[in-house]
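Participant: See structure.pdb below, with PDB, C-alpha atoms, pLDDT in the B column.
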```pdb
ATOM      1  CA  MET A 203      72.746 102.751  22.576  1.00 41.00           C
ATOM      2  CA  THR A 204      69.068 101.934  22.265  1.00 48.00           C
ATOM      3  CA  ASP A 205      67.684  98.776  23.856  1.00 86.00           C
ATOM      4  CA  VAL A 206      66.625  97.431  20.438  1.00 95.00           C
ATOM      5  CA  GLN A 207      67.057  98.589  16.869  1.00 97.00           C
ATOM      6  CA  THR A 208      64.129 100.474  15.371  1.00 97.00           C
ATOM      7  CA  ALA A 209      63.216 101.594  11.874  1.00 97.00           C
ATOM      8  CA  GLU A 210      64.603 105.006  12.836  1.00 97.00           C
ATOM      9  CA  THR A 211      67.993 103.798  14.108  1.00 97.00           C
ATOM     10  CA  GLN A 212      68.397 101.526  11.101  1.00 97.00           C
ATOM     11  CA  ALA A 213      67.540 104.288   8.613  1.00 97.00           C
ATOM     12  CA  ALA A 214      69.877 106.764  10.319  1.00 97.00           C
ATOM     13  CA  ALA A 215      72.910 104.441  10.292  1.00 98.00           C
ATOM     14  CA  SER A 216      75.344 104.534   7.390  1.00 97.00           C
ATOM     15  CA  PRO A 217      77.390 101.467   6.415  1.00 98.00           C
ATOM     16  CA  SER A 218      80.426 103.088   8.031  1.00 97.00           C
ATOM     17  CA  ASP A 219      78.457 103.728  11.211  1.00 97.00           C
ATOM     18  CA  VAL A 220      77.493 100.065  11.360  1.00 98.00           C
ATOM     19  CA  LEU A 221      81.073  98.873  10.872  1.00 98.00           C
ATOM     20  CA  ALA A 222      82.174 101.187  13.663  1.00 97.00           C
ATOM     21  CA  TRP A 223      79.384  99.844  15.882  1.00 97.00           C
ATOM     22  CA  LEU A 224      80.512  96.266  15.220  1.00 98.00           C
ATOM     23  CA  ARG A 225      84.147  97.102  15.952  1.00 98.00           C
ATOM     24  CA  GLU A 226      83.202  98.822  19.200  1.00 98.00           C
ATOM     25  CA  GLY A 227      81.038  95.867  20.193  1.00 98.00           C
ATOM     26  CA  ASN A 228      83.882  93.424  19.704  1.00 98.00           C
ATOM     27  CA  ALA A 229      86.240  95.690  21.622  1.00 98.00           C
ATOM     28  CA  ARG A 230      83.822  95.625  24.559  1.00 98.00           C
ATOM     29  CA  PHE A 231      83.528  91.841  24.393  1.00 98.00           C
ATOM     30  CA  ALA A 232      87.284  91.282  24.197  1.00 98.00           C
ATOM     31  CA  SER A 233      87.898  93.581  27.171  1.00 98.00           C
ATOM     32  CA  GLY A 234      85.178  91.948  29.276  1.00 97.00           C
ATOM     33  CA  ASP A 235      83.146  95.155  29.311  1.00 97.00           C
ATOM     34  CA  GLY A 236      80.026  94.053  27.454  1.00 94.00           C
ATOM     35  CA  HIS A 237      76.611  95.636  27.898  1.00 95.00           C
ATOM     36  CA  SER A 238      74.130  94.179  30.367  1.00 95.00           C
ATOM     37  CA  ARG A 239      70.915  93.295  28.525  1.00 94.00           C
ATOM     38  CA  ASP A 240      67.421  92.150  29.379  1.00 95.00           C
ATOM     39  CA  TYR A 241      67.106  89.571  26.597  1.00 95.00           C
ATOM     40  CA  LEU A 242      63.532  88.669  27.437  1.00 96.00           C
ATOM     41  CA  ALA A 243      62.512  92.325  27.187  1.00 96.00           C
ATOM     42  CA  GLN A 244      64.334  92.551  23.855  1.00 96.00           C
ATOM     43  CA  ALA A 245      62.521  89.448  22.627  1.00 97.00           C
ATOM     44  CA  VAL A 246      59.184  91.035  23.478  1.00 97.00           C
ATOM     45  CA  ALA A 247      60.160  94.384  21.937  1.00 96.00           C
ATOM     46  CA  THR A 248      61.195  92.795  18.639  1.00 97.00           C
ATOM     47  CA  ALA A 249      58.424  90.207  18.367  1.00 97.00           C
ATOM     48  CA  SER A 250      56.379  92.230  15.867  1.00 97.00           C
ATOM     49  CA  ALA A 251      59.214  93.593  13.688  1.00 97.00           C
ATOM     50  CA  GLN A 252      62.978  93.532  13.218  1.00 98.00           C
ATOM     51  CA  HIS A 253      65.366  96.235  12.014  1.00 98.00           C
ATOM     52  CA  PRO A 254      68.879  94.717  12.236  1.00 98.00           C
ATOM     53  CA  LEU A 255      71.942  96.722  11.284  1.00 98.00           C
ATOM     54  CA  ALA A 256      74.210  93.983   9.914  1.00 98.00           C
ATOM     55  CA  ALA A 257      74.397  90.393   8.752  1.00 98.00           C
ATOM     56  CA  VAL A 258      77.269  88.070   9.595  1.00 98.00           C
ATOM     57  CA  LEU A 259      78.258  84.973   7.642  1.00 98.00           C
ATOM     58  CA  GLY A 260      80.235  82.960  10.142  1.00 98.00           C
ATOM     59  CA  CYS A 261      81.445  79.427  10.755  1.00 98.00           C
ATOM     60  CA  ILE A 262      79.353  76.924  12.716  1.00 98.00           C
ATOM     61  CA  ASP A 263      82.146  76.627  15.301  1.00 98.00           C
ATOM     62  CA  SER A 264      80.630  76.564  18.805  1.00 98.00           C
ATOM     63  CA  ARG A 265      83.311  78.940  20.085  1.00 98.00           C
ATOM     64  CA  VAL A 266      82.259  81.838  17.834  1.00 98.00           C
ATOM     65  CA  PRO A 267      78.713  82.850  18.835  1.00 98.00           C
ATOM     66  CA  VAL A 268      78.131  85.797  16.543  1.00 98.00           C
ATOM     67  CA  GLU A 269      75.939  88.015  18.720  1.00 97.00           C
ATOM     68  CA  VAL A 270      78.177  87.411  21.735  1.00 98.00           C
ATOM     69  CA  VAL A 271      81.505  88.321  20.103  1.00 98.00           C
ATOM     70  CA  PHE A 272      80.000  91.555  18.757  1.00 98.00           C
ATOM     71  CA  ASP A 273      78.309  92.309  22.101  1.00 98.00           C
ATOM     72  CA  ALA A 274      75.001  92.580  20.244  1.00 98.00           C
ATOM     73  CA  GLY A 275      71.455  91.974  21.375  1.00 97.00           C
ATOM     74  CA  ILE A 276      68.304  90.390  20.025  1.00 98.00           C
ATOM     75  CA  GLY A 277      67.267  92.023  16.768  1.00 98.00           C
ATOM     76  CA  ASP A 278      70.676  93.593  16.082  1.00 98.00           C
ATOM     77  CA  LEU A 279      72.139  91.072  13.625  1.00 98.00           C
ATOM     78  CA  PHE A 280      71.288  88.412  11.089  1.00 98.00           C
ATOM     79  CA  ALA A 281      73.547  85.377  11.492  1.00 98.00           C
ATOM     80  CA  ALA A 282      74.165  82.863   8.706  1.00 98.00           C
ATOM     81  CA  ARG A 283      76.531  80.026   9.567  1.00 98.00           C
ATOM     82  CA  THR A 284      78.182  77.328   7.496  1.00 98.00           C
ATOM     83  CA  ALA A 285      81.295  75.286   8.220  1.00 98.00           C
ATOM     84  CA  GLY A 286      84.208  77.367   7.010  1.00 98.00           C
ATOM     85  CA  ASN A 287      81.881  80.340   6.311  1.00 98.00           C
ATOM     86  CA  VAL A 288      81.512  79.138   2.727  1.00 98.00           C
ATOM     87  CA  VAL A 289      79.055  80.662   0.259  1.00 98.00           C
ATOM     88  CA  ASP A 290      76.392  78.732  -1.620  1.00 97.00           C
ATOM     89  CA  ASP A 291      73.161  79.799  -3.347  1.00 97.00           C
ATOM     90  CA  ASP A 292      71.128  79.506  -0.159  1.00 98.00           C
ATOM     91  CA  VAL A 293      73.553  81.735   1.724  1.00 98.00           C
ATOM     92  CA  VAL A 294      73.463  84.291  -1.092  1.00 98.00           C
ATOM     93  CA  GLY A 295      69.659  84.260  -1.072  1.00 98.00           C
ATOM     94  CA  SER A 296      69.574  84.651   2.705  1.00 98.00           C
ATOM     95  CA  LEU A 297      71.868  87.660   2.583  1.00 98.00           C
ATOM     96  CA  GLU A 298      69.910  89.183  -0.298  1.00 98.00           C
ATOM     97  CA  PHE A 299      66.873  88.996   1.986  1.00 98.00           C
ATOM     98  CA  ALA A 300      68.837  90.600   4.815  1.00 98.00           C
ATOM     99  CA  ALA A 301      70.013  93.491   2.647  1.00 98.00           C
ATOM    100  CA  GLU A 302      67.226  94.181   0.172  1.00 98.00           C
ATOM    101  CA  LEU A 303      64.157  93.336   2.234  1.00 98.00           C
ATOM    102  CA  ALA A 304      65.344  93.818   5.817  1.00 98.00           C
ATOM    103  CA  GLY A 305      67.683  96.763   5.262  1.00 98.00           C
ATOM    104  CA  VAL A 306      71.022  95.774   6.789  1.00 98.00           C
ATOM    105  CA  LYS A 307      73.872  98.152   6.004  1.00 98.00           C
ATOM    106  CA  ALA A 308      76.829  95.772   6.366  1.00 98.00           C
ATOM    107  CA  ILE A 309      77.621  92.137   5.673  1.00 98.00           C
ATOM    108  CA  VAL A 310      80.616  90.643   7.475  1.00 98.00           C
ATOM    109  CA  VAL A 311      82.211  87.347   6.457  1.00 98.00           C
ATOM    110  CA  LEU A 312      83.713  86.182   9.752  1.00 98.00           C
ATOM    111  CA  GLY A 313      86.352  83.467   9.715  1.00 98.00           C
ATOM    112  CA  HIS A 314      88.226  82.353  12.806  1.00 98.00           C
ATOM    113  CA  SER A 315      91.603  81.056  13.883  1.00 98.00           C
ATOM    114  CA  ALA A 316      92.310  77.305  13.767  1.00 98.00           C
ATOM    115  CA  CYS A 317      89.148  76.651  11.727  1.00 98.00           C
ATOM    116  CA  GLY A 318      88.407  72.916  11.583  1.00 98.00           C
ATOM    117  CA  ALA A 319      86.814  73.147   8.137  1.00 98.00           C
ATOM    118  CA  VAL A 320      89.859  74.952   6.791  1.00 98.00           C
ATOM    119  CA  LYS A 321      92.128  72.333   8.348  1.00 98.00           C
ATOM    120  CA  GLY A 322      90.065  69.618   6.707  1.00 98.00           C
ATOM    121  CA  ALA A 323      90.423  71.309   3.327  1.00 98.00           C
ATOM    122  CA  CYS A 324      94.170  71.669   3.891  1.00 98.00           C
ATOM    123  CA  ASP A 325      94.419  67.920   4.503  1.00 97.00           C
ATOM    124  CA  GLY A 326      92.075  66.827   1.716  1.00 97.00           C
ATOM    125  CA  THR A 327      89.539  65.334   4.121  1.00 97.00           C
ATOM    126  CA  GLU A 328      86.635  63.445   2.545  1.00 98.00           C
ATOM    127  CA  LEU A 329      83.480  62.658   4.516  1.00 98.00           C
ATOM    128  CA  GLY A 330      79.976  62.401   3.134  1.00 98.00           C
ATOM    129  CA  HIS A 331      78.477  65.741   2.164  1.00 98.00           C
ATOM    130  CA  LEU A 332      81.327  67.523   3.941  1.00 98.00           C
ATOM    131  CA  THR A 333      83.529  66.662   0.953  1.00 98.00           C
ATOM    132  CA  GLN A 334      81.655  69.014  -1.363  1.00 98.00           C
ATOM    133  CA  LEU A 335      81.672  71.770   1.250  1.00 98.00           C
ATOM    134  CA  LEU A 336      85.427  71.526   1.727  1.00 98.00           C
ATOM    135  CA  ALA A 337      85.855  71.723  -2.044  1.00 98.00           C
ATOM    136  CA  LYS A 338      84.673  75.328  -1.786  1.00 98.00           C
ATOM    137  CA  ILE A 339      87.671  76.064   0.461  1.00 98.00           C
ATOM    138  CA  ARG A 340      90.186  74.365  -1.839  1.00 97.00           C
ATOM    139  CA  PRO A 341      90.832  77.493  -3.977  1.00 97.00           C
ATOM    140  CA  ALA A 342      92.027  79.272  -0.821  1.00 98.00           C
ATOM    141  CA  VAL A 343      94.234  76.292   0.063  1.00 97.00           C
ATOM    142  CA  ASP A 344      95.771  76.241  -3.407  1.00 96.00           C
ATOM    143  CA  SER A 345      96.346  80.001  -3.474  1.00 96.00           C
ATOM    144  CA  VAL A 346      98.316  79.893  -0.212  1.00 96.00           C
ATOM    145  CA  ARG A 347     100.070  76.556  -0.732  1.00 94.00           C
ATOM    146  CA  GLN A 348     101.190  77.350  -4.304  1.00 88.00           C
ATOM    147  CA  ASP A 349     104.152  75.056  -5.036  1.00 80.00           C
ATOM    148  CA  ASP A 350     104.745  73.764  -1.500  1.00 75.00           C
ATOM    149  CA  SER A 351     102.718  70.549  -1.506  1.00 82.00           C
ATOM    150  CA  GLU A 352     104.084  69.538   1.913  1.00 88.00           C
ATOM    151  CA  LEU A 353     102.047  72.170   3.766  1.00 95.00           C
ATOM    152  CA  ASP A 354      99.112  70.821   5.773  1.00 96.00           C
ATOM    153  CA  SER A 355      97.062  71.559   8.882  1.00 97.00           C
ATOM    154  CA  SER A 356     100.050  70.973  11.157  1.00 97.00           C
ATOM    155  CA  ASP A 357     101.459  74.336  10.015  1.00 96.00           C
ATOM    156  CA  ASP A 358      99.634  77.060  11.969  1.00 97.00           C
ATOM    157  CA  ASP A 359     100.817  79.898   9.727  1.00 96.00           C
ATOM    158  CA  PHE A 360      99.625  78.032   6.644  1.00 96.00           C
ATOM    159  CA  VAL A 361      96.212  77.394   8.190  1.00 98.00           C
ATOM    160  CA  HIS A 362      95.841  81.040   9.170  1.00 97.00           C
ATOM    161  CA  GLY A 363      96.796  82.162   5.684  1.00 97.00           C
ATOM    162  CA  VAL A 364      94.128  79.876   4.242  1.00 98.00           C
ATOM    163  CA  VAL A 365      91.562  81.183   6.754  1.00 98.00           C
ATOM    164  CA  GLU A 366      92.197  84.736   5.536  1.00 98.00           C
ATOM    165  CA  ALA A 367      92.201  83.740   1.865  1.00 98.00           C
ATOM    166  CA  ASN A 368      88.959  81.817   2.331  1.00 98.00           C
ATOM    167  CA  VAL A 369      87.303  84.847   3.932  1.00 98.00           C
ATOM    168  CA  ALA A 370      88.434  86.996   1.013  1.00 97.00           C
ATOM    169  CA  ASN A 371      87.056  84.436  -1.455  1.00 98.00           C
ATOM    170  CA  SER A 372      83.684  84.391   0.317  1.00 98.00           C
ATOM    171  CA  VAL A 373      83.536  88.196   0.260  1.00 98.00           C
ATOM    172  CA  ALA A 374      84.283  88.141  -3.473  1.00 97.00           C
ATOM    173  CA  ALA A 375      81.660  85.449  -4.057  1.00 97.00           C
ATOM    174  CA  LEU A 376      78.964  87.550  -2.414  1.00 98.00           C
ATOM    175  CA  ARG A 377      79.906  90.591  -4.446  1.00 96.00           C
ATOM    176  CA  ASN A 378      80.211  88.720  -7.737  1.00 97.00           C
ATOM    177  CA  ARG A 379      77.325  86.254  -7.537  1.00 96.00           C
ATOM    178  CA  SER A 380      74.561  88.620  -6.478  1.00 98.00           C
ATOM    179  CA  ASP A 381      73.352  91.532  -8.576  1.00 98.00           C
ATOM    180  CA  VAL A 382      71.086  92.452  -5.666  1.00 98.00           C
ATOM    181  CA  LEU A 383      74.014  92.896  -3.279  1.00 98.00           C
ATOM    182  CA  ALA A 384      76.285  94.463  -5.901  1.00 98.00           C
ATOM    183  CA  THR A 385      73.691  97.111  -6.711  1.00 98.00           C
ATOM    184  CA  ARG A 386      73.402  98.120  -3.081  1.00 98.00           C
ATOM    185  CA  VAL A 387      77.187  98.230  -2.687  1.00 98.00           C
ATOM    186  CA  THR A 388      77.522 100.459  -5.761  1.00 97.00           C
ATOM    187  CA  ALA A 389      74.815 102.754  -4.418  1.00 98.00           C
ATOM    188  CA  GLY A 390      76.657 103.142  -1.106  1.00 97.00           C
ATOM    189  CA  GLN A 391      73.845 101.452   0.809  1.00 98.00           C
ATOM    190  CA  LEU A 392      75.842  98.371   1.807  1.00 98.00           C
ATOM    191  CA  VAL A 393      79.378  97.252   2.534  1.00 98.00           C
ATOM    192  CA  ILE A 394      80.647  93.673   2.422  1.00 98.00           C
ATOM    193  CA  VAL A 395      83.825  93.082   4.400  1.00 98.00           C
ATOM    194  CA  GLY A 396      85.899  90.253   5.819  1.00 98.00           C
ATOM    195  CA  ALA A 397      87.246  89.612   9.301  1.00 98.00           C
ATOM    196  CA  VAL A 398      88.912  86.889  11.370  1.00 98.00           C
ATOM    197  CA  TYR A 399      88.086  86.133  15.005  1.00 98.00           C
ATOM    198  CA  ASP A 400      90.882  84.971  17.316  1.00 98.00           C
ATOM    199  CA  LEU A 401      89.703  82.111  19.523  1.00 98.00           C
ATOM    200  CA  ALA A 402      92.295  82.808  22.210  1.00 98.00           C
ATOM    201  CA  THR A 403      91.794  86.564  22.641  1.00 98.00           C
ATOM    202  CA  GLY A 404      88.228  87.189  21.507  1.00 98.00           C
ATOM    203  CA  ARG A 405      89.456  89.937  19.207  1.00 98.00           C
ATOM    204  CA  ILE A 406      88.479  90.404  15.570  1.00 98.00           C
ATOM    205  CA  ASP A 407      91.020  91.365  12.932  1.00 98.00           C
ATOM    206  CA  TRP A 408      89.390  93.266  10.067  1.00 97.00           C
ATOM    207  CA  LEU A 409      90.786  92.401   6.657  1.00 95.00           C
ATOM    208  CA  ASP A 410      91.232  94.659   3.649  1.00 85.00           C
ATOM    209  CA  THR A 411      89.059  92.739   1.192  1.00 70.00           C
ATOM    210  CA  GLY A 412      88.292  95.629  -1.132  1.00 59.00           C
ATOM    211  CA  GLY A 413      85.734  97.245   1.153  1.00 45.00           C
ATOM    212  CA  SER A 414      88.230  98.388   3.722  1.00 39.00           C
ATOM    213  CA  PRO A 415      86.880  99.179   7.188  1.00 36.00           C
ATOM    214  CA  ALA A 416      89.857 101.517   7.586  1.00 33.00           C
ATOM    215  CA  ARG A 417      87.529 104.349   6.557  1.00 32.00           C
ATOM    216  CA  VAL A 418      85.044 103.591   9.360  1.00 31.00           C
ATOM    217  CA  THR A 419      83.903 106.728  11.176  1.00 30.00           C
ATOM    218  CA  ALA A 420      83.639 107.189  14.920  1.00 29.00           C
ATOM    219  CA  LEU A 421      80.903 105.152  16.541  1.00 29.00           C
ATOM    220  CA  ALA A 422      77.470 106.617  15.950  1.00 30.00           C
ATOM    221  CA  ARG A 423      76.235 107.020  19.523  1.00 28.00           C
ATOM    222  CA  ARG A 424      72.621 106.907  18.411  1.00 28.00           C
ATOM    223  CA  LEU A 425      72.873 103.176  17.526  1.00 32.00           C
TER     224      LEU A 425
END
```
So, in terms of structure tokens, how does the structure I just supplied come out?
Facilitator:
Amino acid sequence: MTDVQTAETQAAASPSDVLAWLREGNARFASGDGHSRDYLAQAVATASAQHPLAAVLGCIDSRVPVEVVFDAGIGDLFAARTAGNVVDDDVVGSLEFAAELAGVKAIVVLGHSACGAVKGACDGTELGHLTQLLAKIRPAVDSVRQDDSELDSSDDDFVHGVVEANVANSVAALRNRSDVLATRVTAGQLVIVGAVYDLATGRIDWLDTGGSPARVTALARRL
């Protein structure tokens, strides 16, 4: 693995290579076998240009630091974070920049277990501007709850089901709301996938959200 990503490593990586690289990075993190990095040297090396491989839309939760859980370094990833990893126009625009102008090959929507925003949506929480954010999670709540109106955040299985459904909805929103991203996906230049991070184990479960990582190739050692 190179110390930092370059124009050459970015150009050589396919979307499947990048997904494999992310999976391998999380496996290292979860096993306690992460790479040792000189972050200051990486900061200096990337000061004049960046060539990241992926972008991650994650939750703001303090326990899910994106670069850490993927065992990535400075310049490897774009990280966009909103409570409940919800999608709005600013997030879409940010990820269009990451893909079209900065060249990332993969976008990952990363939810996590026991998500507080999801729990709030499950319970109908209302609080200032948070109310309108949680409304974006309500379709996932309704799709999992269906006719059982008694389900709330006290049911762990229900919450986890909503976490997964919310990730899938955010993946769909990125694909459907952005012609820029959709064009790159169709051309095979980009994949958009969903995943859920487990707070207790550090492991990421990759979801089949229509861009299945099941077809990921072996890790490209050049990355």
Participant: Taking the file as shown, what set of residues would the PyMOL selection byres ((chain A and resi 374-381) around 10) give back, as an mmCIF file with C-alpha atoms, in the frame of the given file?
Facilitator:
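File expr.cif, as written:
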```cif
data_model
loop_
_atom_site.group_PDB
_atom_site.id
_atom_site.type_symbol
_atom_site.label_atom_id
_atom_site.label_comp_id
_atom_site.auth_asym_id
_atom_site.auth_seq_id
_atom_site.Cartn_x
_atom_site.Cartn_y
_atom_site.Cartn_z
ATOM 1 C CA VAL A 288 81.512 79.138 2.727
ATOM 2 C CA VAL A 289 79.055 80.662 0.259
ATOM 3 C CA ASP A 290 76.392 78.732 -1.620
ATOM 4 C CA ASP A 291 73.161 79.799 -3.347
ATOM 5 C CA VAL A 293 73.553 81.735 1.724
ATOM 6 C CA VAL A 294 73.463 84.291 -1.092
ATOM 7 C CA GLY A 295 69.659 84.260 -1.072
ATOM 8 C CA LEU A 297 71.868 87.660 2.583
ATOM 9 C CA GLU A 298 69.910 89.183 -0.298
ATOM 10 C CA ILE A 309 77.621 92.137 5.673
ATOM 11 C CA VAL A 311 82.211 87.347 6.457
ATOM 12 C CA ASN A 368 88.959 81.817 2.331
ATOM 13 C CA VAL A 369 87.303 84.847 3.932
ATOM 14 C CA ALA A 370 88.434 86.996 1.013
ATOM 15 C CA ASN A 371 87.056 84.436 -1.455
ATOM 16 C CA SER A 372 83.684 84.391 0.317
ATOM 17 C CA VAL A 373 83.536 88.196 0.260
ATOM 18 C CA VAL A 382 71.086 92.452 -5.666
ATOM 19 C CA LEU A 383 74.014 92.896 -3.279
ATOM 20 C CA ALA A 384 76.285 94.463 -5.901
ATOM 21 C CA THR A 385 73.691 97.111 -6.711
ATOM 22 C CA ARG A 386 73.402 98.120 -3.081
ATOM 23 C CA VAL A 387 77.187 98.230 -2.687
ATOM 24 C CA VAL A 393 79.378 97.252 2.534
ATOM 25 C CA ILE A 394 80.647 93.673 2.422
ATOM 26 C CA VAL A 395 83.825 93.082 4.400
ATOM 27 C CA GLY A 396 85.899 90.253 5.819
ATOM 28 C CA THR A 411 89.059 92.739 1.192
ATOM 29 C CA GLY A 412 88.292 95.629 -1.132
#
```
Participant: Considering only C-alpha atoms, can you say which of A:Ala285, A:Val270, A:Leu312, A:Val206 comes closest to Gln244 in chain A?
Facilitator: A:Val206
Participant: Between A:Ala301, A:Leu329, A:Val220, A:Val320, which is the closest to Glu366 in chain A once you count all atoms listed in the file?
Facilitator: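 Once distances to Glu366 in chain A are computed over all atoms listed in the file, the minimum belongs to A:Val320.
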Participant: Could you tell me which residues the PyMOL selection byres ((chain A and resi 362) around 9) returns for this structure, as a list in words?
Facilitator: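 Selected by the PyMOL selection byres ((chain A and resi 362) around 9) here: His314, Ser315, Ala316, Cys317, Val320, Asp357, Asp358, Asp359, Phe360, Val361, Gly363, Val364, Val365, Glu366 and Ala367 of chain A.
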Participant: Please measure the separation of CA of Val310 in chain A and CA of Leu259 in chain A, giving the value in Å to one decimal.
Facilitator: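 For CA of Val310 in chain A relative to CA of Leu259 in chain A, the distance reads 6.1 Å.
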Participant: By how many Å are CA of Ala282 in chain A and CA of His237 in chain A apart?
Facilitator: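 Atom-to-atom, CA of Ala282 in chain A and CA of His237 in chain A are spaced 23.2 Å apart.
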Participant: Taking into account only C-alpha atoms, which residue in the set A:Asn228, A:Gly326, A:Ala257, A:Ser238 is nearest to Ala308 in chain A?
Facilitator: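 Selected residue with least distance to Ala308 in chain A: A:Ala257.
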